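Structure below is my_file.txt: compact mmCIF, C-alpha atoms and all ligand atoms.
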# COMPACT_ATOMS: atom_id res chain seq x y z
CA MET A 1 -23.97 11.48 -30.35
CA THR A 2 -20.34 12.57 -30.68
CA ASP A 3 -17.62 9.99 -31.45
CA ARG A 4 -16.13 10.68 -28.04
CA LEU A 5 -19.40 9.93 -26.25
CA GLN A 6 -19.99 6.80 -28.30
CA GLN A 7 -16.53 5.45 -27.45
CA PHE A 8 -16.94 6.38 -23.78
CA LYS A 9 -20.30 4.61 -23.52
CA LYS A 10 -18.89 1.50 -25.20
CA ASP A 11 -15.68 1.14 -23.17
CA GLY A 12 -16.48 2.90 -19.89
CA PHE A 13 -13.36 4.96 -20.40
CA LEU A 14 -12.04 7.34 -23.03
CA ILE A 15 -8.43 8.19 -23.77
CA VAL A 16 -7.91 11.71 -25.11
CA GLU A 17 -4.32 12.47 -26.03
CA ASN A 18 -2.81 15.94 -25.73
CA LEU A 19 -5.70 17.38 -23.75
CA ALA A 20 -3.29 19.31 -21.54
CA GLU A 21 -0.16 21.01 -22.71
CA ALA A 22 3.19 19.77 -21.39
CA THR A 23 3.86 23.14 -19.77
CA ALA A 24 0.52 22.99 -17.91
CA CYS A 25 1.42 19.51 -16.62
CA ASP A 26 4.83 20.74 -15.44
CA GLU A 27 3.16 23.68 -13.74
CA LEU A 28 0.96 21.40 -11.61
CA ILE A 29 3.96 19.36 -10.45
CA ALA A 30 5.93 22.53 -9.63
CA ARG A 31 2.94 23.92 -7.74
CA THR A 32 2.60 20.69 -5.75
CA LYS A 33 6.26 20.95 -4.79
CA GLU A 34 5.70 24.54 -3.66
CA LEU A 35 2.59 23.68 -1.64
CA SER A 36 4.23 20.68 0.01
CA PHE A 37 7.31 22.61 1.10
CA ALA A 38 5.02 25.26 2.60
CA TYR A 39 3.14 22.55 4.52
CA ASP A 40 3.78 22.50 8.24
CA VAL A 41 4.68 18.83 8.78
CA GLU A 42 5.69 19.47 12.40
CA GLY A 43 2.37 21.15 13.14
CA HIS A 44 0.56 18.09 11.83
CA ARG A 45 2.69 15.48 13.60
CA SER A 46 -0.25 14.30 15.67
CA ILE A 47 -1.94 13.03 12.53
CA PHE A 48 0.89 10.62 11.86
CA GLN A 49 2.14 9.98 15.38
CA THR A 50 -0.75 9.21 17.59
CA ARG A 51 -1.62 6.00 19.38
CA ASP A 52 -5.12 6.28 18.02
CA GLN A 53 -3.65 6.46 14.53
CA SER A 54 -6.63 5.33 12.52
CA LYS A 55 -9.14 7.70 14.10
CA THR A 56 -6.98 10.81 13.83
CA THR A 57 -6.01 9.97 10.27
CA ASP A 58 -9.69 9.33 9.54
CA ASP A 59 -10.68 12.76 10.88
CA TYR A 60 -7.99 14.49 8.86
CA PHE A 61 -9.21 12.64 5.76
CA LEU A 62 -12.90 13.28 6.47
CA ASN A 63 -12.27 17.00 6.86
CA SER A 64 -10.24 17.31 3.66
CA GLY A 65 -13.17 17.70 1.25
CA ASP A 66 -12.96 21.48 1.14
CA LYS A 67 -9.23 21.78 1.87
CA ILE A 68 -5.81 21.17 0.45
CA ALA A 69 -4.66 18.26 2.63
CA PHE A 70 -1.50 16.17 2.37
CA PHE A 71 -1.34 12.38 2.52
CA PHE A 72 1.91 10.45 2.75
CA GLU A 73 3.28 7.10 1.64
CA LYS A 74 3.28 4.66 4.56
CA ASP A 75 6.90 3.75 3.87
CA ALA A 76 7.98 7.40 4.17
CA PHE A 77 8.11 7.29 8.00
CA ASP A 78 10.70 5.74 10.29
CA LYS A 79 9.82 3.92 13.54
CA GLU A 80 9.67 7.19 15.47
CA GLY A 81 7.21 8.64 13.00
CA ASN A 82 9.66 11.00 11.33
CA LEU A 83 9.70 11.43 7.58
CA ASN A 84 12.65 9.55 6.10
CA ARG A 85 12.85 11.83 3.06
CA ASP A 86 11.83 15.39 2.15
CA VAL A 87 8.15 16.22 2.36
CA PHE A 88 7.61 16.37 -1.41
CA HIS A 89 9.13 12.93 -2.04
CA ALA A 90 7.14 11.48 0.87
CA LEU A 91 3.78 12.52 -0.59
CA ASN A 92 1.24 9.99 -1.76
CA LYS A 93 -1.42 12.51 -2.73
CA VAL A 94 -2.86 15.96 -2.13
CA GLY A 95 -6.62 16.60 -2.00
CA HIS A 96 -9.48 17.23 -2.20
CA ALA A 97 -10.32 20.82 -3.18
CA LEU A 98 -7.29 21.86 -5.22
CA HIS A 99 -9.60 22.71 -8.13
CA ASP A 100 -11.35 25.41 -6.08
CA LEU A 101 -8.71 26.66 -3.67
CA ASP A 102 -5.54 26.94 -5.72
CA PRO A 103 -5.43 29.25 -8.76
CA VAL A 104 -2.99 27.06 -10.72
CA PHE A 105 -5.12 23.94 -10.21
CA SER A 106 -8.34 25.86 -10.80
CA ARG A 107 -7.08 27.09 -14.17
CA PHE A 108 -6.02 23.57 -15.20
CA SER A 109 -9.39 22.18 -14.09
CA ARG A 110 -11.33 24.62 -16.25
CA SER A 111 -9.33 24.69 -19.48
CA VAL A 112 -11.09 25.27 -22.78
CA GLN A 113 -10.05 21.78 -23.90
CA LEU A 114 -11.69 20.25 -20.83
CA GLN A 115 -14.84 22.33 -21.34
CA GLU A 116 -15.05 21.03 -24.92
CA LEU A 117 -14.54 17.45 -23.77
CA ALA A 118 -17.29 17.83 -21.13
CA ALA A 119 -19.60 19.27 -23.79
CA ASP A 120 -18.85 16.33 -26.12
CA LEU A 121 -19.78 13.97 -23.28
CA ASN A 122 -23.06 15.84 -22.51
CA LEU A 123 -21.96 16.76 -19.00
CA SER A 124 -23.61 20.17 -18.78
CA HIS A 125 -25.15 19.30 -15.38
CA HIS A 126 -21.94 17.94 -13.92
CA VAL A 127 -20.06 19.82 -11.22
CA LEU A 128 -16.50 19.43 -9.99
CA ILE A 129 -16.69 17.89 -6.53
CA GLN A 130 -13.21 16.54 -5.82
CA SER A 131 -9.63 16.80 -7.05
CA MET A 132 -6.48 14.89 -6.23
CA LEU A 133 -2.87 15.22 -7.18
CA ILE A 134 -1.45 11.72 -7.13
CA CYS A 135 2.34 11.51 -6.95
CA LYS A 136 3.35 7.87 -7.28
CA HIS A 137 6.99 8.72 -6.72
CA ALA A 138 9.79 6.52 -8.03
CA ARG A 139 10.18 3.26 -6.05
CA ILE A 140 7.91 4.26 -3.16
CA GLY A 141 4.62 5.02 -4.95
CA GLY A 142 2.14 2.43 -3.71
CA GLU A 143 -0.50 0.42 -5.53
CA VAL A 144 -4.17 1.36 -5.67
CA ASP A 145 -6.44 -1.68 -5.33
CA VAL A 146 -9.15 -2.34 -7.86
CA HIS A 147 -12.15 -0.13 -7.16
CA GLN A 148 -15.03 1.79 -8.73
CA ASP A 149 -15.00 5.56 -8.23
CA SER A 150 -18.76 5.56 -7.52
CA THR A 151 -17.92 3.70 -4.30
CA PHE A 152 -16.46 6.95 -3.00
CA LEU A 153 -18.72 9.44 -4.81
CA TYR A 154 -22.09 7.77 -4.61
CA THR A 155 -25.16 9.41 -6.10
CA GLU A 156 -28.67 8.21 -6.93
CA PRO A 157 -28.76 7.42 -9.74
CA GLY A 158 -25.02 6.88 -10.22
CA SER A 159 -23.35 9.78 -12.03
CA CYS A 160 -19.69 9.95 -10.99
CA ILE A 161 -17.28 10.61 -13.86
CA GLY A 162 -13.54 11.05 -13.37
CA PHE A 163 -10.98 12.90 -15.47
CA TRP A 164 -7.52 11.45 -14.89
CA PHE A 165 -4.62 13.42 -16.37
CA ALA A 166 -1.18 11.93 -16.89
CA LEU A 167 1.19 14.73 -15.88
CA GLU A 168 4.06 12.44 -16.90
CA ASP A 169 4.19 9.46 -19.26
CA ALA A 170 2.42 6.56 -17.55
CA THR A 171 3.78 3.10 -18.34
CA GLN A 172 3.54 -0.37 -16.81
CA GLU A 173 6.90 0.24 -15.14
CA ASN A 174 5.83 3.36 -13.25
CA GLY A 175 2.31 2.18 -12.44
CA CYS A 176 -0.17 3.17 -15.15
CA LEU A 177 -3.92 2.58 -14.79
CA TRP A 178 -5.42 -0.80 -15.68
CA ALA A 179 -9.02 -1.36 -16.77
CA LYS A 180 -11.11 -3.56 -19.05
CA PRO A 181 -12.93 -2.15 -22.08
CA GLY A 182 -16.63 -2.51 -21.28
CA GLY A 183 -15.84 -3.22 -17.61
CA HIS A 184 -18.36 -0.59 -16.52
CA GLN A 185 -21.23 -2.88 -17.55
CA THR A 186 -21.51 -4.19 -14.03
CA SER A 187 -23.05 -3.30 -10.70
CA LEU A 188 -21.63 -1.16 -7.92
CA ARG A 189 -19.92 -3.44 -5.40
CA SER A 190 -19.64 -1.20 -2.37
CA ARG A 191 -20.18 2.20 -0.87
CA PHE A 192 -17.68 4.02 1.34
CA ARG A 193 -19.63 6.07 3.83
CA ARG A 194 -19.63 7.80 7.18
CA LYS A 195 -20.70 5.74 10.15
CA GLU A 196 -23.15 7.03 12.70
CA GLY A 197 -21.10 8.21 15.65
CA GLY A 198 -17.99 8.89 13.61
CA GLY A 199 -15.54 7.13 11.34
CA THR A 200 -16.16 5.43 8.02
CA MET A 201 -17.20 2.06 6.74
CA MET A 202 -17.34 0.11 3.52
CA GLU A 203 -20.89 -1.02 2.93
CA VAL A 204 -20.96 -4.07 0.66
CA LEU A 205 -23.74 -3.88 -1.92
CA ASN A 206 -22.73 -6.94 -3.95
CA ASP A 207 -19.92 -9.28 -2.87
CA GLU A 208 -19.29 -10.71 -6.33
CA PRO A 209 -15.55 -10.31 -7.06
CA TYR A 210 -14.51 -8.01 -9.89
CA ALA A 211 -13.88 -9.79 -13.19
CA MET A 212 -10.13 -9.28 -13.57
CA ASP A 213 -9.70 -11.12 -16.87
CA GLY A 214 -9.27 -8.80 -19.82
CA MET A 215 -7.78 -5.93 -17.79
CA ILE A 216 -5.34 -4.01 -19.96
CA PRO A 217 -2.66 -1.45 -19.09
CA LEU A 218 -3.63 2.08 -20.15
CA GLU A 219 -0.16 3.34 -21.03
CA VAL A 220 -0.48 6.99 -21.99
CA LYS A 221 1.67 9.98 -22.77
CA LYS A 222 2.01 13.08 -20.64
CA GLY A 223 -0.93 15.43 -21.27
CA THR A 224 -3.40 12.61 -21.95
CA CYS A 225 -6.75 12.65 -20.19
CA ILE A 226 -8.48 9.37 -19.37
CA VAL A 227 -12.19 9.81 -18.67
CA LEU A 228 -13.49 7.12 -16.30
CA ASP A 229 -17.06 5.95 -15.77
CA GLY A 230 -17.83 5.70 -12.05
CA LEU A 231 -18.70 2.01 -12.42
CA LEU A 232 -15.49 1.04 -14.26
CA PRO A 233 -13.28 -1.16 -12.08
CA HIS A 234 -9.68 0.10 -12.34
CA TYR A 235 -6.43 -0.13 -10.42
CA SER A 236 -2.73 0.65 -10.61
CA LEU A 237 0.34 -1.29 -9.48
CA PRO A 238 3.20 0.07 -7.35
CA ASN A 239 5.84 2.17 -9.01
CA THR A 240 8.95 0.01 -8.91
CA SER A 241 10.77 2.12 -11.50
CA GLY A 242 13.16 5.02 -11.11
CA ARG A 243 10.64 7.45 -12.69
CA SER A 244 7.72 9.12 -10.95
CA ARG A 245 4.19 8.96 -12.33
CA PHE A 246 2.35 12.15 -11.44
CA ALA A 247 -1.35 12.32 -12.22
CA TYR A 248 -4.14 14.77 -11.50
CA ALA A 249 -7.69 13.51 -11.10
CA ILE A 250 -10.89 15.54 -11.06
CA HIS A 251 -14.18 13.90 -10.15
CA THR A 252 -17.58 15.19 -11.15
CA VAL A 253 -21.18 14.31 -10.32
CA ASP A 254 -24.50 15.32 -11.81
CA GLN A 255 -25.91 18.20 -9.80
CA ASN A 256 -29.44 16.88 -10.27
CA CYS A 257 -28.77 13.49 -8.68
CA ILE A 258 -29.29 12.71 -5.01
CA TYR A 259 -26.08 13.09 -2.99
CA PRO A 260 -26.52 11.27 0.36
CA ALA A 261 -25.63 13.03 3.60
CA ASP A 262 -23.51 10.06 4.71
CA ASN A 263 -21.14 10.12 1.72
CA TRP A 264 -17.60 10.52 3.08
CA LEU A 265 -17.11 13.72 1.09
CA GLN A 266 -19.35 16.49 2.40
CA VAL A 267 -19.05 19.90 0.80
CA ASP A 268 -21.35 22.86 0.39
CA ARG A 269 -23.14 21.68 -2.73
CA GLU A 270 -24.54 25.15 -3.43
CA GLN A 271 -20.98 26.30 -4.02
CA LEU A 272 -20.05 23.61 -6.54
CA LYS A 273 -19.12 24.79 -9.99
CA GLY A 274 -18.87 23.16 -13.39
CA PHE A 275 -16.01 23.27 -15.86
CA VAL A 276 -16.77 26.90 -16.59
CA ALA A 277 -15.85 28.97 -13.56
FE FE2 B 301 -10.17 5.67 -9.07
Give the structure from this file in structure tokens form.
Amino acid sequence: MTDRLQQFKKDGFLIVENLAEATACDELIARTKELSFAYDVEGHRSIFQTRDQSKTTDDYFLNSGDKIAFFFEKDAFDKEGNLNRDVFHALNKVGHALHDLDPVFSRFSRSVQLQELAADLNLSHHVLIQSMLICKHARIGGEVDVHQDSTFLYTEPGSCIGFWFALEDATQENGCLWAKPGGHQTSLRSRFRRKEGGGTMMEVLNDEPYAMDGMIPLEVKKGTCIVLDGLLPHYSLPNTSGRSRFAYAIHTVDQNCIYPADNWLQVDREQLKGFVA
């Protein structure tokens, strides 16, 4: 067993510094800016300005698995539903198929360094199923409640593993990740899935609250990759600082595991690729 795998199995997460070069991190942020300014906000007004807000937003979200879709901070709209800042600075995240659809993101998602890391972690059967660019802009970037990634990418048996890249230094001030070493030694609490007849629901599997004692801030430098076990409870606080905290997250699952048809994310599984394109 490699040192990396041993550490990952012990803690439920693994911090790998300098996995991505600074220039590659900058490139992803620049590309996000480009994509967001090319996004037709007016053409998508209905998503943010409908009386049946939750359903329309839900549909947009549910159909984003094989697209590049844009999600905004809730505080970025005025009462009339207009953005109160430029589209880039209003973004919460972009997802969920950047790794397949955009050449800049695809290259980043299949770097030699990442291929080596995946090999060290014995992930030869894992495929890239989802990617997200998370902005967490200065002052407006919201918190992400404590959760387990396997809630959203459920397989039988559980196999979800995330690769979270700090595209900028992540500190407590700008909302770094928090987790507890060994926190993955627990059960899956819930499963986010599609409801019959449309929409989504959170199915509770175990209502025991997460053990929050011992959570530590994972403050990391730009270019660091944090590998996350799908069972590891983790969260991040709002960004109250004057500095953004861009991150890019790729999620993978084992191709040989069962992937239920009512998982929120439905993609053509035959088309899924690993870290080597
Ligand atoms: Fe997460």
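Closest approach to Gly162 of chain A from the set A:Pro209, A:Pro238, A:Gly230, A:Gly223 is made by A:Gly230, with distances taken over all atoms listed in the file.
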Inset, instruction - Would you mind telling me which residue in A:Ser106, A:Ser241, A:Ser131, A:Ser236 lies nearest to Asp145 of chain A when using all atoms listed in the file? - result: A:Ser236
Legend entry - Distance filter 10 Å around ligand FE2 301 (chain B), atoms: all atoms listed in the file, out as a PyMOL selection string: chain A and resi 144-152+161-164+177+228-236+249+251
Expected file contents, prior selection, C-alpha atoms, as a compact mmCIF listing (two decimals), keeping the file's coordinate frame:
# COMPACT_ATOMS: atom_id res chain seq x y z
CA VAL A 144 -4.17 1.36 -5.67
CA ASP A 145 -6.44 -1.68 -5.33
CA VAL A 146 -9.15 -2.34 -7.86
CA HIS A 147 -12.15 -0.13 -7.16
CA GLN A 148 -15.03 1.79 -8.73
CA ASP A 149 -15.00 5.56 -8.23
CA SER A 150 -18.76 5.56 -7.52
CA THR A 151 -17.92 3.70 -4.30
CA PHE A 152 -16.46 6.95 -3.00
CA ILE A 161 -17.28 10.61 -13.86
CA GLY A 162 -13.54 11.05 -13.37
CA PHE A 163 -10.98 12.90 -15.47
CA TRP A 164 -7.52 11.45 -14.89
CA LEU A 177 -3.92 2.58 -14.79
CA LEU A 228 -13.49 7.12 -16.30
CA ASP A 229 -17.06 5.95 -15.77
CA GLY A 230 -17.83 5.70 -12.05
CA LEU A 231 -18.70 2.01 -12.42
CA LEU A 232 -15.49 1.04 -14.26
CA PRO A 233 -13.28 -1.16 -12.08
CA HIS A 234 -9.68 0.10 -12.34
CA TYR A 235 -6.43 -0.13 -10.42
CA SER A 236 -2.73 0.65 -10.61
CA ALA A 249 -7.69 13.51 -11.10
CA HIS A 251 -14.18 13.90 -10.15
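Residues of protein, DNA or RNA having at least one counted atom within 9 Å of (10.1, 3.4, -2.4), given all atoms listed in the file, are Glu73, Asp75, Ala76, His137, Ala138, Arg139, Ile140, Gly141, Gly142, Asn239 and Thr240 of chain A.
Proximity ranking of A:Lys9, A:Arg85, A:Lys273, A:Arg191 relative to Ile129 of chain A places A:Lys273 first, based on all atoms listed in the file.
Computed from the coordinates, the atom CA of Cys176 of chain A to atom CA of Arg189 of chain A distance equals 23.0 Å.
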Using 10 Å as the limit and counting only C-alpha atoms, can you tabulate each residue of segment 208-243 of chain A that touches segment 14-23 of chain A, with its shortest atom-to-atom distance in Å and the two atoms involved, as CSV?
residue,atom,partner,partner_atom,distance
A:Leu218,CA,A:Ile15,CA,8.6
A:Glu219,CA,A:Ile15,CA,10.0
A:Val220,CA,A:Glu17,CA,7.8
A:Lys221,CA,A:Glu17,CA,7.3
A:Lys222,CA,A:Ala22,CA,6.8
A:Gly223,CA,A:Ala20,CA,4.5
A:Thr224,CA,A:Glu17,CA,4.2
A:Cys225,CA,A:Val16,CA,5.1
A:Ile226,CA,A:Ile15,CA,4.6
A:Val227,CA,A:Leu14,CA,5.0
A:Leu228,CA,A:Leu14,CA,6.9
A:Asp229,CA,A:Leu14,CA,8.9
Inset, instruction - Take the point (3.0, -3.4, -16.9) in the file's coordinates, draw a sphere of radius 9 Å around it, and report as a PyMOL selection string every protein, DNA or RNA residue with an atom inside or on it, counting all atoms listed in the file. - result: chain A and resi 171-176+178+216-217+219+237
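Among the candidate residues A:Leu128, A:Leu123, A:Leu62, A:Leu133, the one lying nearest to Leu91 of chain A is A:Leu133, with distances computed using all atoms listed in the file.
With distances taken over all atoms listed in the file, A:Cys25 is the one residue among A:Leu5, A:Val41, A:Val87, A:Cys25 lying closest to Arg107 of chain A.
Relative to atom CA of Met202 of chain A, atom CA of Gln185 of chain A is found at 21.6 Å.
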Please supply segment 175-186 of chain A, rebuilt with all heavy atoms, as a PDB file, in the coordinates of the input.
ATOM      1  N   GLY A 175       3.614   2.365 -13.092  1.00  0.00           N
ATOM      2  CA  GLY A 175       2.310   2.180 -12.440  1.00  0.00           C
ATOM      3  C   GLY A 175       1.149   2.864 -13.117  1.00  0.00           C
ATOM      4  O   GLY A 175       0.377   3.580 -12.469  1.00  0.00           O
ATOM      5  N   CYS A 176       0.971   2.590 -14.415  1.00  0.00           N
ATOM      6  CA  CYS A 176      -0.170   3.170 -15.150  1.00  0.00           C
ATOM      7  C   CYS A 176      -1.480   2.558 -14.659  1.00  0.00           C
ATOM      8  O   CYS A 176      -1.485   1.579 -13.921  1.00  0.00           O
ATOM      9  CB  CYS A 176      -0.009   2.925 -16.649  1.00  0.00           C
ATOM     10  SG  CYS A 176      -0.119   1.174 -17.112  1.00  0.00           S
ATOM     11  N   LEU A 177      -2.602   3.139 -15.108  1.00  0.00           N
ATOM     12  CA  LEU A 177      -3.920   2.580 -14.790  1.00  0.00           C
ATOM     13  C   LEU A 177      -4.143   1.285 -15.579  1.00  0.00           C
ATOM     14  O   LEU A 177      -3.595   1.118 -16.666  1.00  0.00           O
ATOM     15  CB  LEU A 177      -5.028   3.566 -15.181  1.00  0.00           C
ATOM     16  CG  LEU A 177      -5.178   4.860 -14.393  1.00  0.00           C
ATOM     17  CD1 LEU A 177      -6.363   5.655 -14.946  1.00  0.00           C
ATOM     18  CD2 LEU A 177      -5.380   4.588 -12.911  1.00  0.00           C
ATOM     19  N   TRP A 178      -4.964   0.419 -15.002  1.00  0.00           N
ATOM     20  CA  TRP A 178      -5.420  -0.800 -15.680  1.00  0.00           C
ATOM     21  C   TRP A 178      -6.958  -0.819 -15.628  1.00  0.00           C
ATOM     22  O   TRP A 178      -7.548  -0.481 -14.594  1.00  0.00           O
ATOM     23  CB  TRP A 178      -4.918  -2.055 -14.977  1.00  0.00           C
ATOM     24  CG  TRP A 178      -3.445  -2.318 -15.131  1.00  0.00           C
ATOM     25  CD1 TRP A 178      -2.418  -1.612 -14.578  1.00  0.00           C
ATOM     26  CD2 TRP A 178      -2.836  -3.391 -15.873  1.00  0.00           C
ATOM     27  NE1 TRP A 178      -1.209  -2.178 -14.931  1.00  0.00           N
ATOM     28  CE2 TRP A 178      -1.441  -3.275 -15.718  1.00  0.00           C
ATOM     29  CE3 TRP A 178      -3.350  -4.458 -16.637  1.00  0.00           C
ATOM     30  CZ2 TRP A 178      -0.545  -4.166 -16.311  1.00  0.00           C
ATOM     31  CZ3 TRP A 178      -2.446  -5.347 -17.220  1.00  0.00           C
ATOM     32  CH2 TRP A 178      -1.062  -5.191 -17.061  1.00  0.00           C
ATOM     33  N   ALA A 179      -7.565  -1.226 -16.732  1.00  0.00           N
ATOM     34  CA  ALA A 179      -9.020  -1.360 -16.770  1.00  0.00           C
ATOM     35  C   ALA A 179      -9.385  -2.288 -17.922  1.00  0.00           C
ATOM     36  O   ALA A 179      -8.529  -2.625 -18.745  1.00  0.00           O
ATOM     37  CB  ALA A 179      -9.688   0.004 -16.964  1.00  0.00           C
ATOM     38  N   LYS A 180     -10.657  -2.676 -17.962  1.00  0.00           N
ATOM     39  CA  LYS A 180     -11.110  -3.560 -19.050  1.00  0.00           C
ATOM     40  C   LYS A 180     -12.128  -2.822 -19.907  1.00  0.00           C
ATOM     41  O   LYS A 180     -13.098  -2.276 -19.359  1.00  0.00           O
ATOM     42  CB  LYS A 180     -11.762  -4.809 -18.437  1.00  0.00           C
ATOM     43  CG  LYS A 180     -12.365  -5.724 -19.482  1.00  0.00           C
ATOM     44  CD  LYS A 180     -12.687  -7.082 -18.938  1.00  0.00           C
ATOM     45  CE  LYS A 180     -13.811  -7.083 -17.945  1.00  0.00           C
ATOM     46  NZ  LYS A 180     -14.141  -8.441 -17.502  1.00  0.00           N
ATOM     47  N   PRO A 181     -11.926  -2.787 -21.221  1.00  0.00           N
ATOM     48  CA  PRO A 181     -12.930  -2.150 -22.080  1.00  0.00           C
ATOM     49  C   PRO A 181     -14.297  -2.797 -21.846  1.00  0.00           C
ATOM     50  O   PRO A 181     -14.415  -4.026 -21.890  1.00  0.00           O
ATOM     51  CB  PRO A 181     -12.418  -2.438 -23.511  1.00  0.00           C
ATOM     52  CG  PRO A 181     -10.938  -2.672 -23.342  1.00  0.00           C
ATOM     53  CD  PRO A 181     -10.774  -3.313 -21.988  1.00  0.00           C
ATOM     54  N   GLY A 182     -15.286  -1.998 -21.546  1.00  0.00           N
ATOM     55  CA  GLY A 182     -16.630  -2.510 -21.280  1.00  0.00           C
ATOM     56  C   GLY A 182     -16.831  -2.928 -19.824  1.00  0.00           C
ATOM     57  O   GLY A 182     -17.912  -3.364 -19.436  1.00  0.00           O
ATOM     58  N   GLY A 183     -15.793  -2.784 -19.019  1.00  0.00           N
ATOM     59  CA  GLY A 183     -15.840  -3.220 -17.610  1.00  0.00           C
ATOM     60  C   GLY A 183     -16.890  -2.494 -16.777  1.00  0.00           C
ATOM     61  O   GLY A 183     -17.254  -2.951 -15.689  1.00  0.00           O
ATOM     62  N   HIS A 184     -17.362  -1.362 -17.283  1.00  0.00           N
ATOM     63  CA  HIS A 184     -18.360  -0.590 -16.520  1.00  0.00           C
ATOM     64  C   HIS A 184     -19.763  -1.207 -16.588  1.00  0.00           C
ATOM     65  O   HIS A 184     -20.670  -0.741 -15.891  1.00  0.00           O
ATOM     66  CB  HIS A 184     -18.421   0.845 -17.059  1.00  0.00           C
ATOM     67  CG  HIS A 184     -18.880   0.937 -18.496  1.00  0.00           C
ATOM     68  ND1 HIS A 184     -18.351   0.158 -19.500  1.00  0.00           N
ATOM     69  CD2 HIS A 184     -19.821   1.706 -19.093  1.00  0.00           C
ATOM     70  CE1 HIS A 184     -18.954   0.456 -20.651  1.00  0.00           C
ATOM     71  NE2 HIS A 184     -19.839   1.390 -20.416  1.00  0.00           N
ATOM     72  N   GLN A 185     -19.911  -2.230 -17.443  1.00  0.00           N
ATOM     73  CA  GLN A 185     -21.230  -2.880 -17.550  1.00  0.00           C
ATOM     74  C   GLN A 185     -21.386  -3.859 -16.397  1.00  0.00           C
ATOM     75  O   GLN A 185     -21.444  -5.076 -16.590  1.00  0.00           O
ATOM     76  CB  GLN A 185     -21.341  -3.656 -18.887  1.00  0.00           C
ATOM     77  CG  GLN A 185     -21.056  -2.826 -20.115  1.00  0.00           C
ATOM     78  CD  GLN A 185     -22.231  -1.930 -20.498  1.00  0.00           C
ATOM     79  OE1 GLN A 185     -23.213  -1.827 -19.747  1.00  0.00           O
ATOM     80  NE2 GLN A 185     -22.133  -1.281 -21.637  1.00  0.00           N
ATOM     81  N   THR A 186     -21.402  -3.351 -15.220  1.00  0.00           N
ATOM     82  CA  THR A 186     -21.510  -4.190 -14.030  1.00  0.00           C
ATOM     83  C   THR A 186     -22.176  -3.384 -12.932  1.00  0.00           C
ATOM     84  O   THR A 186     -22.515  -2.208 -13.142  1.00  0.00           O
ATOM     85  CB  THR A 186     -20.098  -4.684 -13.607  1.00  0.00           C
ATOM     86  OG1 THR A 186     -20.228  -5.668 -12.593  1.00  0.00           O
ATOM     87  CG2 THR A 186     -19.218  -3.550 -13.091  1.00  0.00           C
TER      88      THR A 186
END
